[in-house]
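Pasted below: work_12.cif, mmCIF, N, CA and C atoms.
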```
data_protein
#
loop_
_atom_site.label_atom_id
_atom_site.label_comp_id
_atom_site.auth_asym_id
_atom_site.auth_seq_id
_atom_site.Cartn_x
_atom_site.Cartn_y
_atom_site.Cartn_z
N MET E 151 0.85 -1.17 0.00
CA MET E 151 0.00 0.00 0.00
C MET E 151 0.89 1.23 0.00
N GLY E 152 0.57 2.19 -0.85
CA GLY E 152 1.32 3.44 -0.92
C GLY E 152 0.67 4.51 -0.08
N VAL E 153 1.43 5.51 0.23
CA VAL E 153 0.93 6.65 0.99
C VAL E 153 0.97 7.87 0.09
N THR E 154 -0.11 8.62 0.05
CA THR E 154 -0.18 9.84 -0.75
C THR E 154 -0.39 11.02 0.17
N ASN E 155 0.43 12.06 -0.01
CA ASN E 155 0.25 13.29 0.74
C ASN E 155 -0.43 14.31 -0.13
N SER E 156 -1.37 15.03 0.43
CA SER E 156 -2.02 16.11 -0.29
C SER E 156 -1.65 17.42 0.37
N LEU E 157 -1.16 18.34 -0.44
CA LEU E 157 -0.84 19.67 0.06
C LEU E 157 -1.81 20.66 -0.56
N GLY E 158 -2.32 21.54 0.26
CA GLY E 158 -3.20 22.57 -0.26
C GLY E 158 -2.41 23.68 -0.93
N GLU E 159 -3.10 24.52 -1.69
CA GLU E 159 -2.46 25.61 -2.41
C GLU E 159 -1.71 26.54 -1.46
N LYS E 160 -2.29 26.88 -0.33
CA LYS E 160 -1.67 27.81 0.61
C LYS E 160 -0.37 27.25 1.16
N VAL E 161 -0.34 25.95 1.46
CA VAL E 161 0.89 25.33 1.97
C VAL E 161 2.00 25.44 0.93
N LEU E 162 1.68 25.16 -0.34
CA LEU E 162 2.68 25.26 -1.39
C LEU E 162 3.14 26.70 -1.59
N GLU E 163 2.21 27.66 -1.57
CA GLU E 163 2.58 29.07 -1.71
C GLU E 163 3.52 29.50 -0.59
N ASP E 164 3.21 29.09 0.65
CA ASP E 164 4.05 29.44 1.78
C ASP E 164 5.43 28.80 1.67
N THR E 165 5.50 27.58 1.15
CA THR E 165 6.78 26.89 0.98
C THR E 165 7.65 27.62 -0.03
N ILE E 166 7.07 28.00 -1.16
CA ILE E 166 7.82 28.73 -2.19
C ILE E 166 8.27 30.09 -1.65
N ALA E 167 7.39 30.80 -0.97
CA ALA E 167 7.75 32.10 -0.39
C ALA E 167 8.89 31.94 0.62
N SER E 168 8.87 30.85 1.37
CA SER E 168 9.94 30.59 2.34
C SER E 168 11.28 30.39 1.65
N LEU E 169 11.29 29.67 0.53
CA LEU E 169 12.52 29.49 -0.23
C LEU E 169 13.05 30.83 -0.73
N ILE E 170 12.17 31.68 -1.22
CA ILE E 170 12.58 32.99 -1.71
C ILE E 170 13.11 33.85 -0.57
N SER E 171 12.59 33.65 0.64
CA SER E 171 13.04 34.46 1.78
C SER E 171 14.52 34.21 2.09
N ASN E 172 15.09 33.11 1.59
CA ASN E 172 16.52 32.85 1.78
C ASN E 172 17.38 33.72 0.89
N ALA E 173 16.78 34.49 0.00
CA ALA E 173 17.54 35.38 -0.89
C ALA E 173 18.09 36.54 -0.07
N THR E 174 19.39 36.53 0.14
CA THR E 174 20.02 37.50 1.03
C THR E 174 20.86 38.55 0.32
N HIS E 175 21.14 38.35 -0.99
CA HIS E 175 22.04 39.24 -1.70
C HIS E 175 21.53 39.56 -3.10
N VAL E 176 21.88 40.76 -3.57
CA VAL E 176 21.53 41.19 -4.92
C VAL E 176 22.83 41.59 -5.61
N ALA E 177 22.98 41.17 -6.88
CA ALA E 177 24.19 41.48 -7.65
C ALA E 177 23.81 42.21 -8.94
N ILE E 178 24.75 43.02 -9.42
CA ILE E 178 24.60 43.67 -10.71
C ILE E 178 25.80 43.31 -11.58
N GLY E 179 25.58 43.35 -12.91
CA GLY E 179 26.66 42.99 -13.81
C GLY E 179 26.49 43.60 -15.18
N THR E 180 27.37 43.18 -16.09
CA THR E 180 27.42 43.76 -17.42
C THR E 180 27.07 42.77 -18.53
N GLY E 181 26.57 41.59 -18.17
CA GLY E 181 26.22 40.59 -19.18
C GLY E 181 25.00 40.99 -19.99
N THR E 182 24.92 40.44 -21.21
CA THR E 182 23.80 40.77 -22.09
C THR E 182 23.10 39.54 -22.66
N THR E 183 23.57 38.35 -22.32
CA THR E 183 22.96 37.13 -22.82
C THR E 183 21.64 36.87 -22.11
N ALA E 184 20.63 36.46 -22.86
CA ALA E 184 19.32 36.19 -22.28
C ALA E 184 19.41 35.09 -21.22
N PHE E 185 18.50 35.16 -20.27
CA PHE E 185 18.42 34.18 -19.19
C PHE E 185 18.21 32.77 -19.75
N ASN E 186 18.87 31.82 -19.11
CA ASN E 186 18.70 30.41 -19.43
C ASN E 186 18.48 29.69 -18.11
N GLN E 187 17.57 28.72 -18.06
CA GLN E 187 17.27 28.03 -16.81
C GLN E 187 18.48 27.33 -16.21
N ALA E 188 19.50 27.07 -17.00
CA ALA E 188 20.71 26.42 -16.49
C ALA E 188 21.67 27.42 -15.83
N ASP E 189 21.38 28.73 -15.93
CA ASP E 189 22.27 29.74 -15.35
C ASP E 189 22.38 29.55 -13.84
N THR E 190 23.60 29.70 -13.33
CA THR E 190 23.84 29.65 -11.89
C THR E 190 24.52 30.91 -11.38
N THR E 191 24.93 31.77 -12.31
CA THR E 191 25.59 33.03 -11.97
C THR E 191 25.15 34.09 -12.97
N LEU E 192 25.46 35.34 -12.65
CA LEU E 192 25.31 36.38 -13.66
C LEU E 192 26.35 36.11 -14.73
N GLU E 193 26.11 36.62 -15.92
CA GLU E 193 27.09 36.43 -16.99
C GLU E 193 28.42 37.11 -16.62
N THR E 194 28.34 38.37 -16.16
CA THR E 194 29.54 39.11 -15.76
C THR E 194 29.22 39.94 -14.52
N GLU E 195 29.31 39.32 -13.35
CA GLU E 195 29.00 40.02 -12.11
C GLU E 195 30.06 41.07 -11.81
N VAL E 196 29.59 42.27 -11.36
CA VAL E 196 30.49 43.35 -11.01
C VAL E 196 30.50 43.57 -9.49
N VAL E 197 29.32 43.62 -8.88
CA VAL E 197 29.21 43.86 -7.44
C VAL E 197 28.03 43.06 -6.89
N ARG E 198 28.21 42.53 -5.67
CA ARG E 198 27.11 41.85 -4.97
C ARG E 198 27.03 42.42 -3.56
N ASN E 199 25.84 42.84 -3.16
CA ASN E 199 25.61 43.41 -1.83
C ASN E 199 24.51 42.63 -1.10
N ALA E 200 24.54 42.73 0.21
CA ALA E 200 23.44 42.19 1.01
C ALA E 200 22.16 42.94 0.65
N ARG E 201 21.04 42.25 0.65
CA ARG E 201 19.77 42.91 0.32
C ARG E 201 19.51 44.03 1.32
N GLN E 202 18.84 45.06 0.84
CA GLN E 202 18.50 46.21 1.68
C GLN E 202 17.15 46.02 2.37
N THR E 203 16.18 45.49 1.62
CA THR E 203 14.85 45.29 2.20
C THR E 203 14.30 43.95 1.75
N TYR E 204 13.39 43.45 2.56
CA TYR E 204 12.66 42.22 2.25
C TYR E 204 11.26 42.42 2.80
N SER E 205 10.25 42.16 1.97
CA SER E 205 8.88 42.22 2.46
C SER E 205 8.08 41.07 1.87
N GLU E 206 7.15 40.59 2.66
CA GLU E 206 6.32 39.47 2.23
C GLU E 206 4.88 39.76 2.64
N THR E 207 3.99 39.67 1.68
CA THR E 207 2.56 39.75 1.94
C THR E 207 1.94 38.50 1.34
N SER E 208 0.71 38.24 1.59
CA SER E 208 0.04 36.98 1.27
C SER E 208 0.64 36.18 0.13
N ASP E 209 0.82 36.75 -1.05
CA ASP E 209 1.36 35.97 -2.17
C ASP E 209 2.45 36.71 -2.94
N THR E 210 3.05 37.72 -2.31
CA THR E 210 4.08 38.51 -2.98
C THR E 210 5.29 38.69 -2.06
N VAL E 211 6.47 38.48 -2.64
CA VAL E 211 7.72 38.72 -1.92
C VAL E 211 8.51 39.75 -2.72
N THR E 212 9.01 40.79 -2.05
CA THR E 212 9.82 41.82 -2.71
C THR E 212 11.16 41.93 -2.00
N ILE E 213 12.22 41.92 -2.81
CA ILE E 213 13.58 42.05 -2.31
C ILE E 213 14.22 43.25 -3.02
N SER E 214 14.92 44.09 -2.25
CA SER E 214 15.58 45.26 -2.83
C SER E 214 17.07 45.22 -2.55
N GLY E 215 17.83 45.64 -3.55
CA GLY E 215 19.28 45.78 -3.39
C GLY E 215 19.68 47.20 -3.72
N TYR E 216 20.73 47.68 -3.08
CA TYR E 216 21.19 49.05 -3.27
C TYR E 216 22.68 49.06 -3.61
N PHE E 217 23.03 49.89 -4.61
CA PHE E 217 24.42 50.05 -5.03
C PHE E 217 24.71 51.54 -5.02
N ASN E 218 25.69 51.94 -4.19
CA ASN E 218 25.93 53.37 -3.95
C ASN E 218 26.82 54.00 -5.01
N THR E 219 27.15 55.27 -4.80
CA THR E 219 27.88 56.05 -5.80
C THR E 219 29.34 55.64 -5.95
N THR E 220 29.85 54.80 -5.05
CA THR E 220 31.25 54.37 -5.15
C THR E 220 31.40 52.99 -5.79
N GLN E 221 30.30 52.32 -6.08
CA GLN E 221 30.35 50.95 -6.57
C GLN E 221 30.11 50.85 -8.07
N ALA E 222 30.88 50.00 -8.74
CA ALA E 222 30.69 49.64 -10.16
C ALA E 222 30.86 50.80 -11.12
N ASN E 223 31.53 51.86 -10.69
CA ASN E 223 31.72 53.01 -11.58
C ASN E 223 32.51 52.62 -12.81
N GLY E 224 32.11 53.16 -13.96
CA GLY E 224 32.74 52.84 -15.22
C GLY E 224 32.14 51.64 -15.91
N SER E 225 31.13 51.03 -15.30
CA SER E 225 30.47 49.86 -15.89
C SER E 225 29.13 50.25 -16.49
N ASP E 226 28.75 49.58 -17.56
CA ASP E 226 27.41 49.71 -18.11
C ASP E 226 26.61 48.53 -17.56
N ILE E 227 25.77 48.80 -16.57
CA ILE E 227 25.03 47.74 -15.87
C ILE E 227 23.85 47.31 -16.74
N THR E 228 23.81 46.01 -17.04
CA THR E 228 22.77 45.48 -17.93
C THR E 228 22.09 44.22 -17.38
N GLU E 229 22.54 43.73 -16.23
CA GLU E 229 21.92 42.54 -15.65
C GLU E 229 21.93 42.63 -14.14
N TYR E 230 21.02 41.89 -13.51
CA TYR E 230 20.98 41.82 -12.06
C TYR E 230 20.45 40.45 -11.66
N GLY E 231 20.78 40.06 -10.45
CA GLY E 231 20.33 38.77 -9.96
C GLY E 231 20.20 38.76 -8.45
N VAL E 232 19.46 37.79 -7.96
CA VAL E 232 19.22 37.63 -6.53
C VAL E 232 19.80 36.28 -6.11
N PHE E 233 20.54 36.28 -4.99
CA PHE E 233 21.26 35.09 -4.53
C PHE E 233 21.01 34.82 -3.06
N ASP E 234 21.38 33.60 -2.63
CA ASP E 234 21.22 33.25 -1.22
C ASP E 234 22.54 33.26 -0.46
N ALA E 235 23.58 33.89 -1.01
CA ALA E 235 24.87 33.93 -0.34
C ALA E 235 25.68 35.13 -0.82
N ALA E 236 26.68 35.51 -0.02
CA ALA E 236 27.53 36.65 -0.36
C ALA E 236 28.44 36.34 -1.54
N THR E 237 28.82 35.09 -1.70
CA THR E 237 29.58 34.63 -2.86
C THR E 237 29.02 33.28 -3.27
N SER E 238 29.11 32.99 -4.55
CA SER E 238 28.55 31.72 -5.09
C SER E 238 27.11 31.58 -4.66
N GLY E 239 26.75 30.45 -4.08
CA GLY E 239 25.39 30.24 -3.60
C GLY E 239 24.41 29.96 -4.73
N LEU E 240 23.16 29.87 -4.37
CA LEU E 240 22.06 29.60 -5.30
C LEU E 240 21.56 30.91 -5.90
N MET E 241 21.46 30.96 -7.22
CA MET E 241 20.88 32.13 -7.87
C MET E 241 19.36 31.93 -7.90
N ILE E 242 18.64 32.82 -7.25
CA ILE E 242 17.18 32.74 -7.18
C ILE E 242 16.57 33.23 -8.49
N SER E 243 17.13 34.31 -9.04
CA SER E 243 16.63 34.85 -10.30
C SER E 243 17.71 35.69 -10.97
N ARG E 244 17.52 35.89 -12.27
CA ARG E 244 18.42 36.74 -13.06
C ARG E 244 17.61 37.40 -14.15
N ASP E 245 17.85 38.68 -14.36
CA ASP E 245 17.14 39.43 -15.39
C ASP E 245 18.09 40.40 -16.08
N LEU E 246 17.72 40.78 -17.30
CA LEU E 246 18.44 41.83 -18.03
C LEU E 246 17.72 43.15 -17.83
N ALA E 247 18.47 44.24 -17.96
CA ALA E 247 17.89 45.56 -17.79
C ALA E 247 18.41 46.48 -18.90
N THR E 248 17.72 47.58 -19.10
CA THR E 248 18.23 48.61 -20.00
C THR E 248 19.54 49.12 -19.42
N SER E 249 20.52 49.30 -20.26
CA SER E 249 21.86 49.68 -19.81
C SER E 249 21.85 50.97 -18.98
N ILE E 250 22.56 50.92 -17.86
CA ILE E 250 22.74 52.08 -17.00
C ILE E 250 24.24 52.36 -16.93
N ALA E 251 24.66 53.52 -17.40
CA ALA E 251 26.06 53.91 -17.32
C ALA E 251 26.34 54.32 -15.88
N LYS E 252 27.06 53.48 -15.15
CA LYS E 252 27.29 53.71 -13.72
C LYS E 252 28.47 54.65 -13.53
N THR E 253 28.19 55.78 -12.86
CA THR E 253 29.20 56.78 -12.52
C THR E 253 29.08 57.11 -11.04
N ASP E 254 29.95 57.98 -10.56
CA ASP E 254 29.89 58.34 -9.14
C ASP E 254 28.72 59.27 -8.81
N SER E 255 27.90 59.59 -9.79
CA SER E 255 26.69 60.37 -9.52
C SER E 255 25.42 59.53 -9.67
N VAL E 256 25.60 58.22 -9.85
CA VAL E 256 24.46 57.33 -10.06
C VAL E 256 24.38 56.29 -8.94
N GLU E 257 23.22 56.21 -8.32
CA GLU E 257 22.91 55.13 -7.38
C GLU E 257 21.95 54.18 -8.08
N ILE E 258 22.03 52.90 -7.77
CA ILE E 258 21.12 51.93 -8.38
C ILE E 258 20.37 51.18 -7.28
N TRP E 259 19.06 51.14 -7.43
CA TRP E 259 18.21 50.29 -6.60
C TRP E 259 17.65 49.19 -7.49
N VAL E 260 17.73 47.97 -7.05
CA VAL E 260 17.13 46.83 -7.74
C VAL E 260 15.99 46.34 -6.87
N ASP E 261 14.78 46.34 -7.42
CA ASP E 261 13.60 45.81 -6.72
C ASP E 261 13.10 44.60 -7.48
N GLU E 262 13.16 43.45 -6.87
CA GLU E 262 12.71 42.21 -7.51
C GLU E 262 11.48 41.72 -6.76
N THR E 263 10.37 41.54 -7.49
CA THR E 263 9.12 41.10 -6.89
C THR E 263 8.74 39.74 -7.44
N TYR E 264 8.40 38.84 -6.53
CA TYR E 264 7.97 37.50 -6.89
C TYR E 264 6.51 37.34 -6.48
N ASN E 265 5.67 36.99 -7.44
CA ASN E 265 4.27 36.70 -7.13
C ASN E 265 4.13 35.18 -7.08
N VAL E 266 3.72 34.70 -5.93
CA VAL E 266 3.65 33.26 -5.70
C VAL E 266 2.20 32.81 -5.72
N THR E 267 1.84 32.09 -6.77
CA THR E 267 0.49 31.57 -6.91
C THR E 267 0.58 30.11 -7.34
N VAL E 268 -0.12 29.27 -6.65
CA VAL E 268 -0.14 27.84 -6.98
C VAL E 268 -1.57 27.44 -7.28
N THR E 269 -1.77 26.75 -8.39
CA THR E 269 -3.08 26.22 -8.73
C THR E 269 -2.96 24.71 -8.87
N LEU E 270 -3.73 23.99 -8.10
CA LEU E 270 -3.68 22.54 -8.13
C LEU E 270 -4.77 22.02 -9.08
N ASN E 271 -4.40 21.09 -9.92
CA ASN E 271 -5.38 20.46 -10.80
C ASN E 271 -5.86 19.16 -10.15
N ASN E 272 -7.13 19.01 -10.07
CA ASN E 272 -7.69 17.79 -9.44
C ASN E 272 -7.91 16.72 -10.48
#
```

Take the structure in the file and give it back as structure tokens.
Amino acid sequence: MGVTNSLGEKVLEDTIASLISNATHVAIGTGTTAFNQADTTLETEVVRNARQTYSETSDTVTISGYFNTTQANGSDITEYGVFDAATSGLMISRDLATSIAKTDSVEIWVDETYNVTVTLNN
């Protein structure tokens, strides 16, 4: 006899949100290659900082990263990612952005929002 576990939608949503809550760092880089599910790093990471803010509401998690006027100057920032460690670690997400010419007069905020919705098919 086998045992079957049934999880409700809310339990699955909370589990996924919990995994995302482990995202502790945000990185920026200069890569331009489109995201691939096999990616484990940014294409060309320049700076990685601890996240500045984290918020969670019923089905949405938002993580923010901040890069000040002394960081990544002289780089054209075109990618960003969210990680669970200060170096290496698991990449939670990676996206491309419109190029930002980073100078000592430019600050960058990265806000990454995850909407967690699970639909079970019966």

Open item on the list: Between CA of Thr165 (chain E) and CA of Val268 (chain E), what is the distance in Å, rounded to a tenth?
Closed with: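 Here the two named atoms are 10.6 Å from each other.
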
Task: Minimum-distance residue to Leu192 (chain E), chosen among E:Ser249, E:Thr237, E:Gly231, E:Glu262 (using all atoms listed in the file) - done: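 Nearest to Leu192 (chain E): E:Gly231.
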
Task: Nearest-residue call for Gln221 (chain E), choices E:Ala235, E:Leu246, E:Ala188, E:Val256, using all atoms listed in the file - done: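 With all atoms listed in the file as the atom set, the closest residue is E:Val256.
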
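Across E:Gln202, E:Thr253, E:Thr212, E:Thr207, the tightest approach to Thr174 (chain E) is made by E:Gln202 when counting all atoms listed in the file.
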
- [ ] Apply the PyMOL selection byres (((chain E and resi 229 and name CA) around 6) and name CA) to the displayed file and report the matching residues as a list in words.
- [x] Ile178, Gly179, Thr180, Gly181, Thr228, Tyr230, Asp245, Leu246 and Ala247 of chain E

Apply DSSP to the structure's backbone, then extract all residues of region 164-230 of chain E labelled alpha helix (DSSP H) and return them as an mmCIF file with N, CA and C atoms, in the coordinates of the input.
```
data_model
loop_
_atom_site.group_PDB
_atom_site.id
_atom_site.type_symbol
_atom_site.label_atom_id
_atom_site.label_comp_id
_atom_site.auth_asym_id
_atom_site.auth_seq_id
_atom_site.Cartn_x
_atom_site.Cartn_y
_atom_site.Cartn_z
ATOM 1 N N ASP E 164 3.210 29.090 0.650
ATOM 2 C CA ASP E 164 4.050 29.440 1.780
ATOM 3 C C ASP E 164 5.430 28.800 1.670
ATOM 4 N N THR E 165 5.500 27.580 1.150
ATOM 5 C CA THR E 165 6.780 26.890 0.980
ATOM 6 C C THR E 165 7.650 27.620 -0.030
ATOM 7 N N ILE E 166 7.070 28.000 -1.160
ATOM 8 C CA ILE E 166 7.820 28.730 -2.190
ATOM 9 C C ILE E 166 8.270 30.090 -1.650
ATOM 10 N N ALA E 167 7.390 30.800 -0.970
ATOM 11 C CA ALA E 167 7.750 32.100 -0.390
ATOM 12 C C ALA E 167 8.890 31.940 0.620
ATOM 13 N N SER E 168 8.870 30.850 1.370
ATOM 14 C CA SER E 168 9.940 30.590 2.340
ATOM 15 C C SER E 168 11.280 30.390 1.650
ATOM 16 N N LEU E 169 11.290 29.670 0.530
ATOM 17 C CA LEU E 169 12.520 29.490 -0.230
ATOM 18 C C LEU E 169 13.050 30.830 -0.730
ATOM 19 N N ILE E 170 12.170 31.680 -1.220
ATOM 20 C CA ILE E 170 12.580 32.990 -1.710
ATOM 21 C C ILE E 170 13.110 33.850 -0.570
ATOM 22 N N SER E 171 12.590 33.650 0.640
ATOM 23 C CA SER E 171 13.040 34.460 1.780
ATOM 24 C C SER E 171 14.520 34.210 2.090
#
```

Open item on the list: Evaluated on this file, the PyMOL selection byres ((chain E and resi 242) around 5) picks out some residues - which ones are they, written as a list in words?
Closed with: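 Checking the PyMOL selection byres ((chain E and resi 242) around 5) against this file, the residues are Val232, Phe233, Leu240, Met241, Ser243 and Arg244 of chain E.
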
Task: DSSP-assigned strand (DSSP E or B) members of chain E, reported as a ChimeraX atom specification - done: /E:175-179,195-200,203-207,210-217,226-233,241-251,258-265

Take the residues that were just selected and, keeping N, CA and C atoms, output them as a short mmCIF file (atom, residue, chain, number, x, y, z; two decimals), in the coordinates of the input.
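Result went into selection_23.cif, see below:
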```cif
data_model
loop_
_atom_site.label_atom_id
_atom_site.label_comp_id
_atom_site.auth_asym_id
_atom_site.auth_seq_id
_atom_site.Cartn_x
_atom_site.Cartn_y
_atom_site.Cartn_z
N HIS E 175 21.14 38.35 -0.99
CA HIS E 175 22.04 39.24 -1.70
C HIS E 175 21.53 39.56 -3.10
N VAL E 176 21.88 40.76 -3.57
CA VAL E 176 21.53 41.19 -4.92
C VAL E 176 22.83 41.59 -5.61
N ALA E 177 22.98 41.17 -6.88
CA ALA E 177 24.19 41.48 -7.65
C ALA E 177 23.81 42.21 -8.94
N ILE E 178 24.75 43.02 -9.42
CA ILE E 178 24.60 43.67 -10.71
C ILE E 178 25.80 43.31 -11.58
N GLY E 179 25.58 43.35 -12.91
CA GLY E 179 26.66 42.99 -13.81
C GLY E 179 26.49 43.60 -15.18
N GLU E 195 29.31 39.32 -13.35
CA GLU E 195 29.00 40.02 -12.11
C GLU E 195 30.06 41.07 -11.81
N VAL E 196 29.59 42.27 -11.36
CA VAL E 196 30.49 43.35 -11.01
C VAL E 196 30.50 43.57 -9.49
N VAL E 197 29.32 43.62 -8.88
CA VAL E 197 29.21 43.86 -7.44
C VAL E 197 28.03 43.06 -6.89
N ARG E 198 28.21 42.53 -5.67
CA ARG E 198 27.11 41.85 -4.97
C ARG E 198 27.03 42.42 -3.56
N ASN E 199 25.84 42.84 -3.16
CA ASN E 199 25.61 43.41 -1.83
C ASN E 199 24.51 42.63 -1.10
N ALA E 200 24.54 42.73 0.21
CA ALA E 200 23.44 42.19 1.01
C ALA E 200 22.16 42.94 0.65
N THR E 203 16.18 45.49 1.62
CA THR E 203 14.85 45.29 2.20
C THR E 203 14.30 43.95 1.75
N TYR E 204 13.39 43.45 2.56
CA TYR E 204 12.66 42.22 2.25
C TYR E 204 11.26 42.42 2.80
N SER E 205 10.25 42.16 1.97
CA SER E 205 8.88 42.22 2.46
C SER E 205 8.08 41.07 1.87
N GLU E 206 7.15 40.59 2.66
CA GLU E 206 6.32 39.47 2.23
C GLU E 206 4.88 39.76 2.64
N THR E 207 3.99 39.67 1.68
CA THR E 207 2.56 39.75 1.94
C THR E 207 1.94 38.50 1.34
N THR E 210 3.05 37.72 -2.31
CA THR E 210 4.08 38.51 -2.98
C THR E 210 5.29 38.69 -2.06
N VAL E 211 6.47 38.48 -2.64
CA VAL E 211 7.72 38.72 -1.92
C VAL E 211 8.51 39.75 -2.72
N THR E 212 9.01 40.79 -2.05
CA THR E 212 9.82 41.82 -2.71
C THR E 212 11.16 41.93 -2.00
N ILE E 213 12.22 41.92 -2.81
CA ILE E 213 13.58 42.05 -2.31
C ILE E 213 14.22 43.25 -3.02
N SER E 214 14.92 44.09 -2.25
CA SER E 214 15.58 45.26 -2.83
C SER E 214 17.07 45.22 -2.55
N GLY E 215 17.83 45.64 -3.55
CA GLY E 215 19.28 45.78 -3.39
C GLY E 215 19.68 47.20 -3.72
N TYR E 216 20.73 47.68 -3.08
CA TYR E 216 21.19 49.05 -3.27
C TYR E 216 22.68 49.06 -3.61
N PHE E 217 23.03 49.89 -4.61
CA PHE E 217 24.42 50.05 -5.03
C PHE E 217 24.71 51.54 -5.02
N ASP E 226 28.75 49.58 -17.56
CA ASP E 226 27.41 49.71 -18.11
C ASP E 226 26.61 48.53 -17.56
N ILE E 227 25.77 48.80 -16.57
CA ILE E 227 25.03 47.74 -15.87
C ILE E 227 23.85 47.31 -16.74
N THR E 228 23.81 46.01 -17.04
CA THR E 228 22.77 45.48 -17.93
C THR E 228 22.09 44.22 -17.38
N GLU E 229 22.54 43.73 -16.23
CA GLU E 229 21.92 42.54 -15.65
C GLU E 229 21.93 42.63 -14.14
N TYR E 230 21.02 41.89 -13.51
CA TYR E 230 20.98 41.82 -12.06
C TYR E 230 20.45 40.45 -11.66
N GLY E 231 20.78 40.06 -10.45
CA GLY E 231 20.33 38.77 -9.96
C GLY E 231 20.20 38.76 -8.45
N VAL E 232 19.46 37.79 -7.96
CA VAL E 232 19.22 37.63 -6.53
C VAL E 232 19.80 36.28 -6.11
N PHE E 233 20.54 36.28 -4.99
CA PHE E 233 21.26 35.09 -4.53
C PHE E 233 21.01 34.82 -3.06
N MET E 241 21.46 30.96 -7.22
CA MET E 241 20.88 32.13 -7.87
C MET E 241 19.36 31.93 -7.90
N ILE E 242 18.64 32.82 -7.25
CA ILE E 242 17.18 32.74 -7.18
C ILE E 242 16.57 33.23 -8.49
N SER E 243 17.13 34.31 -9.04
CA SER E 243 16.63 34.85 -10.30
C SER E 243 17.71 35.69 -10.97
N ARG E 244 17.52 35.89 -12.27
CA ARG E 244 18.42 36.74 -13.06
C ARG E 244 17.61 37.40 -14.15
N ASP E 245 17.85 38.68 -14.36
CA ASP E 245 17.14 39.43 -15.39
C ASP E 245 18.09 40.40 -16.08
N LEU E 246 17.72 40.78 -17.30
CA LEU E 246 18.44 41.83 -18.03
C LEU E 246 17.72 43.15 -17.83
N ALA E 247 18.47 44.24 -17.96
CA ALA E 247 17.89 45.56 -17.79
C ALA E 247 18.41 46.48 -18.90
N THR E 248 17.72 47.58 -19.10
CA THR E 248 18.23 48.61 -20.00
C THR E 248 19.54 49.12 -19.42
N SER E 249 20.52 49.30 -20.26
CA SER E 249 21.86 49.68 -19.81
C SER E 249 21.85 50.97 -18.98
N ILE E 250 22.56 50.92 -17.86
CA ILE E 250 22.74 52.08 -17.00
C ILE E 250 24.24 52.36 -16.93
N ALA E 251 24.66 53.52 -17.40
CA ALA E 251 26.06 53.91 -17.32
C ALA E 251 26.34 54.32 -15.88
N ILE E 258 22.03 52.90 -7.77
CA ILE E 258 21.12 51.93 -8.38
C ILE E 258 20.37 51.18 -7.28
N TRP E 259 19.06 51.14 -7.43
CA TRP E 259 18.21 50.29 -6.60
C TRP E 259 17.65 49.19 -7.49
N VAL E 260 17.73 47.97 -7.05
CA VAL E 260 17.13 46.83 -7.74
C VAL E 260 15.99 46.34 -6.87
N ASP E 261 14.78 46.34 -7.42
CA ASP E 261 13.60 45.81 -6.72
C ASP E 261 13.10 44.60 -7.48
N GLU E 262 13.16 43.45 -6.87
CA GLU E 262 12.71 42.21 -7.51
C GLU E 262 11.48 41.72 -6.76
N THR E 263 10.37 41.54 -7.49
CA THR E 263 9.12 41.10 -6.89
C THR E 263 8.74 39.74 -7.44
N TYR E 264 8.40 38.84 -6.53
CA TYR E 264 7.97 37.50 -6.89
C TYR E 264 6.51 37.34 -6.48
N ASN E 265 5.67 36.99 -7.44
CA ASN E 265 4.27 36.70 -7.13
C ASN E 265 4.13 35.18 -7.08
#
```

Task: Separation of CA of Ser238 (chain E) from CA of Thr190 (chain E) in Å - done: 8.5 Å

Task: Residues near Glu257 (chain E), cut-off 7 Å, only N, CA and C atoms, skip fewer than 2 positions along chain, as number ranges by chain - done: E: 216-219, 253-255, 259

Expected file contents, prior selection, N, CA and C atoms, as a JSON list (two decimals), keeping the file's coordinate frame:
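What ended up in selection-v7.json:
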```json
[["chain", "number", "residue", "atom", "x", "y", "z"],
["E", 216, "TYR", "N", 20.73, 47.68, -3.08],
["E", 216, "TYR", "CA", 21.19, 49.05, -3.27],
["E", 216, "TYR", "C", 22.68, 49.06, -3.61],
["E", 217, "PHE", "N", 23.03, 49.89, -4.61],
["E", 217, "PHE", "CA", 24.42, 50.05, -5.03],
["E", 217, "PHE", "C", 24.71, 51.54, -5.02],
["E", 218, "ASN", "N", 25.69, 51.94, -4.19],
["E", 218, "ASN", "CA", 25.93, 53.37, -3.95],
["E", 218, "ASN", "C", 26.82, 54.00, -5.01],
["E", 219, "THR", "N", 27.15, 55.27, -4.80],
["E", 219, "THR", "CA", 27.88, 56.05, -5.80],
["E", 219, "THR", "C", 29.34, 55.64, -5.95],
["E", 253, "THR", "N", 28.19, 55.78, -12.86],
["E", 253, "THR", "CA", 29.20, 56.78, -12.52],
["E", 253, "THR", "C", 29.08, 57.11, -11.04],
["E", 254, "ASP", "N", 29.95, 57.98, -10.56],
["E", 254, "ASP", "CA", 29.89, 58.34, -9.14],
["E", 254, "ASP", "C", 28.72, 59.27, -8.81],
["E", 255, "SER", "N", 27.90, 59.59, -9.79],
["E", 255, "SER", "CA", 26.69, 60.37, -9.52],
["E", 255, "SER", "C", 25.42, 59.53, -9.67],
["E", 259, "TRP", "N", 19.06, 51.14, -7.43],
["E", 259, "TRP", "CA", 18.21, 50.29, -6.60],
["E", 259, "TRP", "C", 17.65, 49.19, -7.49]]
```

TODO: Enter the distance from atom N of Thr210 (chain E) to atom C of Asn172 (chain E), in Å, rounded to one decimal.
DONE: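 According to the coordinates, atom N of Thr210 (chain E) and atom C of Asn172 (chain E) are separated by 15.2 Å.
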
Taking all listed atoms of region 224-243 of chain E, build the axis-aligned box, pad each of the six sides by 4 Å, then write its centre and edge lengths in Å to one decimal as JSON.
```
{"center_x": 24.7, "center_y": 41.4, "center_z": -9.1, "size_x": 24.2, "size_y": 31.6, "size_z": 26.1}
```

TODO: Have a look at E:Ile250, E:Ala167, E:Val211, E:Ile227 and name the one nearest to Glu195 (chain E); count only C-alpha atoms.
DONE: E:Ile227

Task: Distance criterion (only C-alpha atoms): nearest to Val260 (chain E) out of E:Thr191, E:Thr203, E:Thr183, E:Ser214 - done: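 Of E:Thr191, E:Thr203, E:Thr183, E:Ser214, the one nearest Val260 (chain E), counting only C-alpha atoms, is E:Ser214.
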